[in-house]
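protein_34.cif follows; it contains mmCIF, C-alpha atoms and all ligand atoms.
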```cif
data_structure
loop_
_atom_site.group_PDB
_atom_site.id
_atom_site.type_symbol
_atom_site.label_atom_id
_atom_site.label_comp_id
_atom_site.auth_asym_id
_atom_site.auth_seq_id
_atom_site.Cartn_x
_atom_site.Cartn_y
_atom_site.Cartn_z
ATOM 1 C CA MET A 1 -20.969 -32.580 82.879
ATOM 2 C CA ALA A 2 -24.168 -31.998 80.915
ATOM 3 C CA PRO A 3 -23.866 -32.498 77.145
ATOM 4 C CA GLY A 4 -22.557 -29.400 75.457
ATOM 5 C CA ALA A 5 -21.967 -27.654 78.794
ATOM 6 C CA ASP A 6 -19.375 -24.908 78.586
ATOM 7 C CA VAL A 7 -15.905 -25.771 79.766
ATOM 8 C CA PRO A 8 -14.575 -22.780 81.736
ATOM 9 C CA GLY A 9 -12.177 -20.748 79.602
ATOM 10 C CA ALA A 10 -12.941 -22.651 76.384
ATOM 11 C CA LEU A 11 -14.631 -21.081 73.381
ATOM 12 C CA PRO A 12 -18.097 -22.546 72.822
ATOM 13 C CA GLY A 13 -18.038 -25.092 70.004
ATOM 14 C CA PRO A 14 -20.376 -25.252 67.007
ATOM 15 C CA ARG A 15 -24.027 -25.874 67.718
ATOM 16 C CA VAL A 16 -25.145 -28.760 65.555
ATOM 17 C CA GLY A 17 -28.597 -30.219 65.015
ATOM 18 C CA ILE A 18 -29.220 -33.784 63.895
ATOM 19 C CA LEU A 19 -32.596 -34.630 62.411
ATOM 20 C CA GLY A 20 -32.451 -38.338 61.785
ATOM 21 C CA GLY A 21 -34.977 -40.067 59.606
ATOM 22 C CA THR A 22 -35.795 -42.526 56.895
ATOM 23 C CA PHE A 23 -36.852 -39.627 54.661
ATOM 24 C CA ASP A 24 -38.788 -41.957 52.379
ATOM 25 C CA PRO A 25 -39.269 -39.337 50.968
ATOM 26 C CA VAL A 26 -38.266 -36.049 52.629
ATOM 27 C CA HIS A 27 -41.111 -33.500 52.913
ATOM 28 C CA ILE A 28 -41.845 -30.036 54.255
ATOM 29 C CA GLY A 29 -42.589 -31.367 57.753
ATOM 30 C CA HIS A 30 -38.917 -32.375 57.997
ATOM 31 C CA LEU A 31 -37.726 -29.123 56.462
ATOM 32 C CA VAL A 32 -39.815 -26.870 58.686
ATOM 33 C CA ALA A 33 -38.627 -28.803 61.755
ATOM 34 C CA ALA A 34 -34.995 -28.388 60.638
ATOM 35 C CA THR A 35 -35.167 -24.703 59.707
ATOM 36 C CA TRP A 36 -37.172 -23.694 62.762
ATOM 37 C CA ALA A 37 -34.755 -25.572 65.036
ATOM 38 C CA ARG A 38 -31.829 -23.928 63.216
ATOM 39 C CA ASP A 39 -33.199 -20.459 63.925
ATOM 40 C CA ALA A 40 -34.798 -20.931 67.346
ATOM 41 C CA LEU A 41 -31.763 -22.651 68.831
ATOM 42 C CA ALA A 42 -29.109 -20.693 66.907
ATOM 43 C CA LEU A 43 -27.715 -23.884 65.389
ATOM 44 C CA ASP A 44 -24.782 -23.435 63.031
ATOM 45 C CA ARG A 45 -25.961 -26.387 60.964
ATOM 46 C CA VAL A 46 -28.635 -29.033 60.926
ATOM 47 C CA ILE A 47 -27.816 -32.402 59.423
ATOM 48 C CA LEU A 48 -30.673 -34.383 57.902
ATOM 49 C CA MET A 49 -29.158 -37.755 58.696
ATOM 50 C CA VAL A 50 -30.429 -40.379 56.299
ATOM 51 C CA ALA A 51 -30.837 -43.791 57.944
ATOM 52 C CA ASN A 52 -29.127 -46.597 56.078
ATOM 53 C CA ASP A 53 -31.284 -49.366 57.445
ATOM 54 C CA PRO A 54 -34.104 -48.053 59.627
ATOM 55 C CA TRP A 55 -34.262 -51.347 61.541
ATOM 56 C CA GLN A 56 -37.605 -50.599 63.196
ATOM 57 C CA LYS A 57 -39.229 -50.078 59.779
ATOM 58 C CA SER A 58 -37.350 -52.308 57.377
ATOM 59 C CA THR A 59 -38.773 -55.507 58.853
ATOM 60 C CA ARG A 60 -42.293 -54.189 58.223
ATOM 61 C CA ARG A 61 -42.116 -52.743 54.726
ATOM 62 C CA GLN A 62 -39.800 -52.332 51.778
ATOM 63 C CA VAL A 63 -37.735 -49.201 52.277
ATOM 64 C CA THR A 64 -36.412 -47.255 49.265
ATOM 65 C CA PRO A 65 -32.632 -47.741 48.742
ATOM 66 C CA ALA A 66 -30.657 -45.452 51.011
ATOM 67 C CA GLU A 67 -28.678 -43.811 48.191
ATOM 68 C CA ASP A 68 -31.927 -42.808 46.470
ATOM 69 C CA ARG A 69 -33.403 -41.378 49.680
ATOM 70 C CA TYR A 70 -30.139 -39.511 50.231
ATOM 71 C CA ALA A 71 -30.178 -38.053 46.698
ATOM 72 C CA VAL A 72 -33.698 -36.705 47.255
ATOM 73 C CA VAL A 73 -32.733 -35.165 50.608
ATOM 74 C CA ALA A 74 -29.642 -33.588 49.029
ATOM 75 C CA ALA A 75 -31.823 -32.068 46.295
ATOM 76 C CA ALA A 76 -34.292 -30.757 48.901
ATOM 77 C CA VAL A 77 -31.671 -28.921 50.996
ATOM 78 C CA GLU A 78 -29.422 -27.726 48.162
ATOM 79 C CA GLY A 79 -28.855 -24.009 48.731
ATOM 80 C CA VAL A 80 -30.767 -23.897 52.034
ATOM 81 C CA PRO A 81 -28.561 -22.073 54.534
ATOM 82 C CA GLY A 82 -27.447 -24.252 57.429
ATOM 83 C CA LEU A 83 -29.133 -27.438 56.233
ATOM 84 C CA GLU A 84 -27.109 -30.344 54.936
ATOM 85 C CA PRO A 85 -27.728 -33.972 54.014
ATOM 86 C CA GLY A 86 -25.957 -36.538 56.188
ATOM 87 C CA ARG A 87 -24.655 -39.847 54.831
ATOM 88 C CA MET A 88 -22.664 -41.076 57.811
ATOM 89 C CA GLU A 89 -25.119 -43.907 58.493
ATOM 90 C CA ILE A 90 -25.088 -44.952 54.833
ATOM 91 C CA ASP A 91 -21.296 -44.987 54.756
ATOM 92 C CA ARG A 92 -21.174 -46.998 57.989
ATOM 93 C CA GLY A 93 -23.654 -49.533 56.602
ATOM 94 C CA GLY A 94 -25.802 -51.964 58.551
ATOM 95 C CA PRO A 95 -28.629 -51.058 60.901
ATOM 96 C CA SER A 96 -28.697 -47.382 61.819
ATOM 97 C CA TYR A 97 -28.359 -46.681 65.511
ATOM 98 C CA THR A 98 -28.390 -43.001 66.400
ATOM 99 C CA VAL A 99 -26.055 -43.590 69.327
ATOM 100 C CA ASP A 100 -23.329 -44.778 66.915
ATOM 101 C CA THR A 101 -23.831 -41.702 64.748
ATOM 102 C CA VAL A 102 -23.641 -39.355 67.712
ATOM 103 C CA ARG A 103 -20.505 -41.074 69.013
ATOM 104 C CA ALA A 104 -18.882 -40.762 65.578
ATOM 105 C CA LEU A 105 -19.821 -37.067 65.359
ATOM 106 C CA THR A 106 -18.475 -36.481 68.861
ATOM 107 C CA ASP A 107 -15.173 -38.115 67.871
ATOM 108 C CA LEU A 108 -14.973 -35.947 64.747
ATOM 109 C CA GLU A 109 -15.993 -32.715 66.447
ATOM 110 C CA PRO A 110 -15.412 -33.029 70.199
ATOM 111 C CA THR A 111 -16.350 -29.413 70.931
ATOM 112 C CA SER A 112 -19.706 -29.483 69.135
ATOM 113 C CA CYS A 113 -22.880 -29.160 71.133
ATOM 114 C CA LEU A 114 -25.175 -31.773 69.595
ATOM 115 C CA HIS A 115 -28.933 -31.334 69.470
ATOM 116 C CA LEU A 116 -30.996 -34.338 68.478
ATOM 117 C CA ILE A 117 -34.209 -33.094 66.851
ATOM 118 C CA VAL A 118 -37.221 -35.410 66.928
ATOM 119 C CA GLY A 119 -40.919 -35.103 66.233
ATOM 120 C CA ALA A 120 -43.439 -35.694 69.016
ATOM 121 C CA ASP A 121 -44.205 -39.191 67.671
ATOM 122 C CA VAL A 122 -40.592 -40.255 67.983
ATOM 123 C CA ALA A 123 -40.177 -38.605 71.387
ATOM 124 C CA SER A 124 -42.600 -41.046 72.958
ATOM 125 C CA ASP A 125 -40.762 -43.988 71.365
ATOM 126 C CA LEU A 126 -37.213 -43.309 72.489
ATOM 127 C CA GLY A 127 -37.329 -46.069 75.091
ATOM 128 C CA THR A 128 -37.142 -48.620 72.260
ATOM 129 C CA TRP A 129 -33.916 -47.164 70.849
ATOM 130 C CA HIS A 130 -30.542 -48.860 70.996
ATOM 131 C CA ASP A 131 -28.323 -47.896 73.970
ATOM 132 C CA VAL A 132 -30.656 -45.038 74.791
ATOM 133 C CA ASP A 133 -29.056 -44.081 78.136
ATOM 134 C CA ALA A 134 -25.702 -43.489 76.470
ATOM 135 C CA LEU A 135 -27.401 -41.451 73.759
ATOM 136 C CA ALA A 136 -29.249 -39.317 76.328
ATOM 137 C CA SER A 137 -25.935 -38.440 77.980
ATOM 138 C CA LEU A 138 -24.437 -37.181 74.708
ATOM 139 C CA VAL A 139 -27.067 -34.837 73.268
ATOM 140 C CA ARG A 140 -29.712 -32.305 74.064
ATOM 141 C CA LEU A 141 -33.100 -33.471 72.853
ATOM 142 C CA VAL A 142 -35.240 -31.049 70.864
ATOM 143 C CA ILE A 143 -38.858 -32.172 70.589
ATOM 144 C CA VAL A 144 -40.827 -30.484 67.825
ATOM 145 C CA ASP A 145 -44.601 -30.563 67.473
ATOM 146 C CA ARG A 146 -45.998 -32.910 64.925
ATOM 147 C CA GLY A 147 -49.427 -32.318 63.437
ATOM 148 C CA GLY A 148 -51.895 -34.956 64.557
ATOM 149 C CA VAL A 149 -49.728 -36.137 67.479
ATOM 150 C CA ALA A 150 -50.713 -35.179 71.026
ATOM 151 C CA PRO A 151 -47.770 -33.916 73.076
ATOM 152 C CA SER A 152 -46.571 -36.302 75.775
ATOM 153 C CA ALA A 153 -44.470 -35.819 78.919
ATOM 154 C CA ASP A 154 -40.722 -35.244 78.623
ATOM 155 C CA PRO A 155 -38.933 -38.586 78.348
ATOM 156 C CA PRO A 156 -37.008 -39.225 81.575
ATOM 157 C CA GLY A 157 -33.218 -38.988 81.577
ATOM 158 C CA TRP A 158 -32.906 -36.491 78.733
ATOM 159 C CA GLN A 159 -32.052 -32.818 78.666
ATOM 160 C CA VAL A 160 -35.147 -31.645 76.785
ATOM 161 C CA GLU A 161 -36.039 -28.499 74.881
ATOM 162 C CA ARG A 162 -39.473 -28.095 73.305
ATOM 163 C CA LEU A 163 -39.919 -26.306 70.027
ATOM 164 C CA ARG A 164 -43.274 -25.182 68.714
ATOM 165 C CA ILE A 165 -43.519 -25.345 64.934
ATOM 166 C CA PRO A 166 -46.537 -24.970 62.660
ATOM 167 C CA ALA A 167 -48.540 -28.192 62.666
ATOM 168 C CA ILE A 168 -47.930 -29.908 59.342
ATOM 169 C CA ASP A 169 -50.036 -33.012 59.292
ATOM 170 C CA ILE A 170 -48.272 -34.988 56.584
ATOM 171 C CA SER A 171 -46.033 -38.043 56.576
ATOM 172 C CA SER A 172 -43.762 -39.804 54.142
ATOM 173 C CA SER A 173 -46.185 -42.737 54.229
ATOM 174 C CA GLU A 174 -48.993 -40.546 52.924
ATOM 175 C CA LEU A 175 -46.717 -39.048 50.264
ATOM 176 C CA ARG A 176 -45.582 -42.492 49.074
ATOM 177 C CA ASP A 177 -49.239 -43.359 48.585
ATOM 178 C CA ARG A 178 -49.902 -40.117 46.730
ATOM 179 C CA LEU A 179 -46.872 -40.594 44.475
ATOM 180 C CA ALA A 180 -47.881 -44.181 43.722
ATOM 181 C CA ALA A 181 -51.366 -42.948 42.805
ATOM 182 C CA ARG A 182 -49.822 -40.159 40.701
ATOM 183 C CA SER A 183 -51.588 -37.544 42.837
ATOM 184 C CA THR A 184 -49.938 -34.184 43.284
ATOM 185 C CA VAL A 185 -47.320 -33.642 45.987
ATOM 186 C CA ASP A 186 -46.693 -30.047 44.911
ATOM 187 C CA TYR A 187 -45.756 -27.776 47.831
ATOM 188 C CA LEU A 188 -45.490 -30.772 50.171
ATOM 189 C CA ILE A 189 -42.109 -31.777 48.739
ATOM 190 C CA PRO A 190 -39.752 -29.074 47.391
ATOM 191 C CA ASP A 191 -39.606 -28.887 43.588
ATOM 192 C CA PRO A 192 -35.955 -29.977 43.223
ATOM 193 C CA ALA A 193 -36.709 -33.047 45.342
ATOM 194 C CA ILE A 194 -39.801 -33.876 43.243
ATOM 195 C CA ARG A 195 -37.655 -33.629 40.110
ATOM 196 C CA CYS A 196 -35.107 -35.977 41.679
ATOM 197 C CA ILE A 197 -37.858 -38.485 42.587
ATOM 198 C CA LEU A 198 -39.119 -38.434 38.990
ATOM 199 C CA ARG A 199 -35.615 -38.695 37.549
ATOM 200 C CA LEU A 200 -34.875 -41.753 39.707
ATOM 201 C CA GLY A 201 -38.297 -43.262 39.018
ATOM 202 C CA LEU A 202 -39.102 -43.669 42.719
ATOM 203 C CA TYR A 203 -42.513 -44.461 44.247
ATOM 204 C CA ALA A 204 -44.116 -45.016 40.873
ATOM 205 C CA GLY A 205 -45.328 -48.549 41.513
ATOM 206 C CA SER A 206 -48.105 -49.482 43.888
ATOM 207 C CA ARG A 207 -47.121 -50.040 47.546
HETATM 208 P P1 LIG B 301 -43.051 -42.372 57.757
HETATM 209 O O1 LIG B 301 -44.507 -42.085 57.503
HETATM 210 O O2 LIG B 301 -42.422 -43.248 56.698
HETATM 211 O O3 LIG B 301 -42.744 -42.840 59.160
HETATM 212 P P2 LIG B 301 -42.288 -39.667 58.453
HETATM 213 O O4 LIG B 301 -43.035 -38.605 57.753
HETATM 214 O O5 LIG B 301 -42.687 -39.978 59.873
HETATM 215 O O6 LIG B 301 -42.273 -40.971 57.583
HETATM 216 P P3 LIG B 301 -39.549 -39.982 59.195
HETATM 217 O O7 LIG B 301 -38.422 -40.089 58.243
HETATM 218 O O8 LIG B 301 -40.045 -41.211 59.880
HETATM 219 O O9 LIG B 301 -40.766 -39.284 58.389
HETATM 220 O O10 LIG B 301 -39.282 -38.862 60.284
HETATM 221 C C1 LIG B 301 -38.025 -38.312 60.568
HETATM 222 C C2 LIG B 301 -38.188 -37.309 61.714
HETATM 223 O O11 LIG B 301 -38.991 -36.193 61.278
HETATM 224 C C3 LIG B 301 -38.896 -37.861 62.959
HETATM 225 O O12 LIG B 301 -38.301 -37.299 64.131
HETATM 226 C C4 LIG B 301 -40.315 -37.374 62.808
HETATM 227 O O13 LIG B 301 -40.990 -37.241 64.033
HETATM 228 C C5 LIG B 301 -40.093 -36.021 62.152
HETATM 229 N N1 LIG B 301 -41.238 -35.616 61.336
HETATM 230 C C6 LIG B 301 -41.736 -36.261 60.270
HETATM 231 N N2 LIG B 301 -42.811 -35.652 59.758
HETATM 232 C C7 LIG B 301 -43.008 -34.543 60.531
HETATM 233 C C8 LIG B 301 -43.975 -33.482 60.513
HETATM 234 N N3 LIG B 301 -44.971 -33.459 59.618
HETATM 235 N N4 LIG B 301 -43.867 -32.517 61.459
HETATM 236 C C9 LIG B 301 -42.863 -32.567 62.374
HETATM 237 N N5 LIG B 301 -41.913 -33.542 62.445
HETATM 238 C C10 LIG B 301 -41.983 -34.525 61.539
HETATM 239 MG MG MG B 302 -42.060 -41.678 60.853
#
```
What would the structure in this file look like if it were written as structure tokens?
Amino acid sequence: MAPGADVPGALPGPRVGILGGTFDPVHIGHLVAATWARDALALDRVILMVANDPWQKSTRRQVTPAEDRYAVVAAAVEGVPGLEPGRMEIDRGGPSYTVDTVRALTDLEPTSCLHLIVGADVASDLGTWHDVDALASLVRLVIVDRGGVAPSADPPGWQVERLRIPAIDISSSELRDRLAARSTVDYLIPDPAIRCILRLGLYAGSR
């Protein structure tokens, strides 16, 4: 049966979105993707799932400690209806494989209909993910536009929904550089998250 397909006679379960990321740091591109997916797909909640060890990145650069990235995400979504920070991958430890997270969520909430939300850049990269066929059988894939990234064909083997969102051409990489240079990130990162970054003393050194 397709992921999240209705079982005859059963009440439909919660509709849950998962936006996984390194969030180093979180920014409005992530938040617009999450809130637009929440509303367009009538999701009960969207979890911003903070990667513990983003194994495809951590061999290439120094990633901010997971607890700090999580604290900034938690500050960013505090009070935002339907958005929540996710720490399952941090609590599990080790390299973060989305398939493990989705399996754990499915065990916890077997009736939930899981929607994996990804930007267009990630959508064309899914073939490199761990145990990707199993993952594709467990979720619906929501591909959101990403400013500066040309849309590509639907990845094969997935149940895909496309979501148009305003093009926001920013990245965490660019924001890390701006923070290190002490340039403004106002309006690109929510105020409570900026305050958390300053309180924790993150991104102040040169990178
Ligand atoms: P980095 O530059 O460090 O890779 P990033 O901005 O790409 O950071 P990630 O944590 O890698 O942020 O992204 C998490 C998810 O959010 C991915 O699915 C990514 O495609 C999506 N995303 C990130 N930035 C945007 C944006 N500006 N618009 C839409 N989606 C985005
Ligand atoms: Mg990225």
- prompt: the PyMOL selection byres (((chain A and resi 128-139) around 9) and not hetatm) on the file shown: which residues, as an MDAnalysis selection string?
  reply: chainID A and resid 2:4 97:100 102:103 106 113:116 125:127 140:141 157:159
| task | Find the residue from A:Gly201, A:Gly94, A:Glu84, A:Ala37 that sits nearest to A:Asn52; use only C-alpha atoms when measuring. | result |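 Closest candidate: A:Gly94.
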Hey, which residues come within 8 Å of ligand MG 302 (chain B) if we count only C-alpha atoms and all ligand atoms? Could you give them as a list in words?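 Checked against 8 Å with only C-alpha atoms and all ligand atoms; the hits are Gly21, Thr22, Asp121, Val122, Ser171, Ser172 and Ser173 of chain A.
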- Task: Please give me, as a PyMOL selection string, the residues lying within 7 Å of ligand LIG 301 (chain B) when counting only C-alpha atoms and all ligand atoms.
- Result: chain A and resi 19-24+26+29-30+33+117-122+144-147+167-174
Where's the centre, and what are the edge lengths in Å to one decimal, of a box along x, y and z enclosing all listed atoms of stretch 182-190 of chain A padded 6 Å per side, as JSON?
```
{"center_x": -45.7, "center_y": -34.0, "center_z": 45.4, "size_x": 23.8, "size_y": 24.4, "size_z": 21.5}
```
Exercise for review: I would like the residues chosen by the PyMOL selection byres (((chain A and resi 72) around 12) and not hetatm) on the shown file; could you give them as a ChimeraX atom specification?
Suggested key: /A:22-27,48,50,64-71,73-78,84-86,189-202
Written selection (C-alpha atoms) as a short mmCIF file (atom, residue, chain, number, x, y, z; two decimals), keeping the file's coordinate frame:
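Written output follows (selection_1.cif):
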```cif
data_model
loop_
_atom_site.label_atom_id
_atom_site.label_comp_id
_atom_site.auth_asym_id
_atom_site.auth_seq_id
_atom_site.Cartn_x
_atom_site.Cartn_y
_atom_site.Cartn_z
CA THR A 22 -35.80 -42.53 56.90
CA PHE A 23 -36.85 -39.63 54.66
CA ASP A 24 -38.79 -41.96 52.38
CA PRO A 25 -39.27 -39.34 50.97
CA VAL A 26 -38.27 -36.05 52.63
CA HIS A 27 -41.11 -33.50 52.91
CA LEU A 48 -30.67 -34.38 57.90
CA VAL A 50 -30.43 -40.38 56.30
CA THR A 64 -36.41 -47.26 49.26
CA PRO A 65 -32.63 -47.74 48.74
CA ALA A 66 -30.66 -45.45 51.01
CA GLU A 67 -28.68 -43.81 48.19
CA ASP A 68 -31.93 -42.81 46.47
CA ARG A 69 -33.40 -41.38 49.68
CA TYR A 70 -30.14 -39.51 50.23
CA ALA A 71 -30.18 -38.05 46.70
CA VAL A 73 -32.73 -35.16 50.61
CA ALA A 74 -29.64 -33.59 49.03
CA ALA A 75 -31.82 -32.07 46.30
CA ALA A 76 -34.29 -30.76 48.90
CA VAL A 77 -31.67 -28.92 51.00
CA GLU A 78 -29.42 -27.73 48.16
CA GLU A 84 -27.11 -30.34 54.94
CA PRO A 85 -27.73 -33.97 54.01
CA GLY A 86 -25.96 -36.54 56.19
CA ILE A 189 -42.11 -31.78 48.74
CA PRO A 190 -39.75 -29.07 47.39
CA ASP A 191 -39.61 -28.89 43.59
CA PRO A 192 -35.96 -29.98 43.22
CA ALA A 193 -36.71 -33.05 45.34
CA ILE A 194 -39.80 -33.88 43.24
CA ARG A 195 -37.66 -33.63 40.11
CA CYS A 196 -35.11 -35.98 41.68
CA ILE A 197 -37.86 -38.48 42.59
CA LEU A 198 -39.12 -38.43 38.99
CA ARG A 199 -35.62 -38.70 37.55
CA LEU A 200 -34.88 -41.75 39.71
CA GLY A 201 -38.30 -43.26 39.02
CA LEU A 202 -39.10 -43.67 42.72
#
```
Can you turn the PyMOL selection byres (((chain A and resi 81) around 10) and not hetatm) into a concrete residue list for this file, as a PyMOL selection string? chain A and resi 35+38+44-46+77-80+82-84
May I have the selected residues written with C-alpha atoms, as a compact mmCIF listing (two decimals), in the frame of the given file?
```txt
# COMPACT_ATOMS: atom_id res chain seq x y z
CA THR A 35 -35.17 -24.70 59.71
CA ARG A 38 -31.83 -23.93 63.22
CA ASP A 44 -24.78 -23.44 63.03
CA ARG A 45 -25.96 -26.39 60.96
CA VAL A 46 -28.64 -29.03 60.93
CA VAL A 77 -31.67 -28.92 51.00
CA GLU A 78 -29.42 -27.73 48.16
CA GLY A 79 -28.86 -24.01 48.73
CA VAL A 80 -30.77 -23.90 52.03
CA GLY A 82 -27.45 -24.25 57.43
CA LEU A 83 -29.13 -27.44 56.23
CA GLU A 84 -27.11 -30.34 54.94
```
Which residues are near A:Leu179? Cut-off 7 Å, only C-alpha atoms, ignore same chain within fewer than 3 positions. Put them as a list in words. Leu175, Arg176, Arg182, Ser183, Tyr203 and Ala204 of chain A
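We find atom CA of A:Met49 and atom CA of A:Ile90 to be spaced 9.1 Å apart.
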Restricting to all atoms listed in the file, whichever of A:Val16, A:Ile165, A:Leu11, A:Ala150 is closest to A:Glu109 is A:Val16
One decimal place gives the atom CA of A:Arg15-atom CA of A:Val32 separation as 18.2 Å
Correct to one decimal, the distance atom CA of A:Pro110-atom CA of A:Trp36 is 24.8 Å
Using all atoms listed in the file, the residue out of A:Ala180, A:Ala34, A:Ala123, A:Ala51 with shortest distance to A:Arg92 is A:Ala51
Long-range neighbours of A:Trp55 as an NGL selection string, 8 Å cut-off, all atoms listed in the file, 4 positions minimum in chain: :A and (59 or 95-96)
Export, as an mmCIF file, in the frame of the given file, the selected residues with C-alpha atoms.
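That gives us again-v2.cif:
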```
data_model
loop_
_atom_site.group_PDB
_atom_site.id
_atom_site.type_symbol
_atom_site.label_atom_id
_atom_site.label_comp_id
_atom_site.auth_asym_id
_atom_site.auth_seq_id
_atom_site.Cartn_x
_atom_site.Cartn_y
_atom_site.Cartn_z
ATOM 1 C CA THR A 59 -38.773 -55.507 58.853
ATOM 2 C CA PRO A 95 -28.629 -51.058 60.901
ATOM 3 C CA SER A 96 -28.697 -47.382 61.819
#
```
Taking the partial coordinates given, rebuild stretch 7-27 of chain A to contain N, CA and C atoms; return it as a tab-separated table (two decimals), in the coordinates of the input.
```
chain	number	residue	atom	x	y	z
A	7	VAL	N	-17.09	-25.52	78.96
A	7	VAL	CA	-15.90	-25.77	79.77
A	7	VAL	C	-15.32	-24.40	80.10
A	8	PRO	N	-15.06	-24.11	81.39
A	8	PRO	CA	-14.58	-22.78	81.74
A	8	PRO	C	-13.34	-22.42	80.92
A	9	GLY	N	-13.34	-21.22	80.35
A	9	GLY	CA	-12.18	-20.75	79.60
A	9	GLY	C	-12.15	-21.17	78.15
A	10	ALA	N	-12.96	-22.17	77.77
A	10	ALA	CA	-12.94	-22.65	76.38
A	10	ALA	C	-13.97	-21.89	75.55
A	11	LEU	N	-13.66	-21.70	74.28
A	11	LEU	CA	-14.63	-21.08	73.38
A	11	LEU	C	-15.77	-22.08	73.15
A	12	PRO	N	-17.02	-21.59	73.09
A	12	PRO	CA	-18.10	-22.55	72.82
A	12	PRO	C	-17.93	-23.14	71.43
A	13	GLY	N	-18.18	-24.43	71.30
A	13	GLY	CA	-18.04	-25.09	70.00
A	13	GLY	C	-19.26	-24.88	69.14
A	14	PRO	N	-19.23	-25.39	67.90
A	14	PRO	CA	-20.38	-25.25	67.01
A	14	PRO	C	-21.63	-25.91	67.59
A	15	ARG	N	-22.74	-25.32	67.30
A	15	ARG	CA	-24.03	-25.87	67.72
A	15	ARG	C	-24.61	-26.62	66.52
A	16	VAL	N	-24.78	-27.91	66.69
A	16	VAL	CA	-25.14	-28.76	65.56
A	16	VAL	C	-26.45	-29.49	65.86
A	17	GLY	N	-27.35	-29.46	64.90
A	17	GLY	CA	-28.60	-30.22	65.02
A	17	GLY	C	-28.53	-31.47	64.16
A	18	ILE	N	-29.12	-32.53	64.67
A	18	ILE	CA	-29.22	-33.78	63.90
A	18	ILE	C	-30.70	-34.14	63.82
A	19	LEU	N	-31.22	-34.14	62.61
A	19	LEU	CA	-32.60	-34.63	62.41
A	19	LEU	C	-32.46	-35.95	61.66
A	20	GLY	N	-32.59	-37.02	62.40
A	20	GLY	CA	-32.45	-38.34	61.78
A	20	GLY	C	-33.78	-38.79	61.21
A	21	GLY	N	-33.72	-39.57	60.15
A	21	GLY	CA	-34.98	-40.07	59.61
A	21	GLY	C	-34.75	-41.03	58.47
A	22	THR	N	-35.84	-41.67	58.08
A	22	THR	CA	-35.80	-42.53	56.90
A	22	THR	C	-35.91	-41.66	55.65
A	23	PHE	N	-36.68	-40.56	55.77
A	23	PHE	CA	-36.85	-39.63	54.66
A	23	PHE	C	-37.25	-40.39	53.39
A	24	ASP	N	-38.36	-41.07	53.48
A	24	ASP	CA	-38.79	-41.96	52.38
A	24	ASP	C	-40.16	-41.54	51.86
A	25	PRO	N	-40.30	-40.34	51.25
A	25	PRO	CA	-39.27	-39.34	50.97
A	25	PRO	C	-39.32	-38.17	51.97
A	26	VAL	N	-38.30	-37.28	51.84
A	26	VAL	CA	-38.27	-36.05	52.63
A	26	VAL	C	-39.47	-35.18	52.24
A	27	HIS	N	-39.96	-34.39	53.19
A	27	HIS	CA	-41.11	-33.50	52.91
A	27	HIS	C	-41.00	-32.23	53.76
```
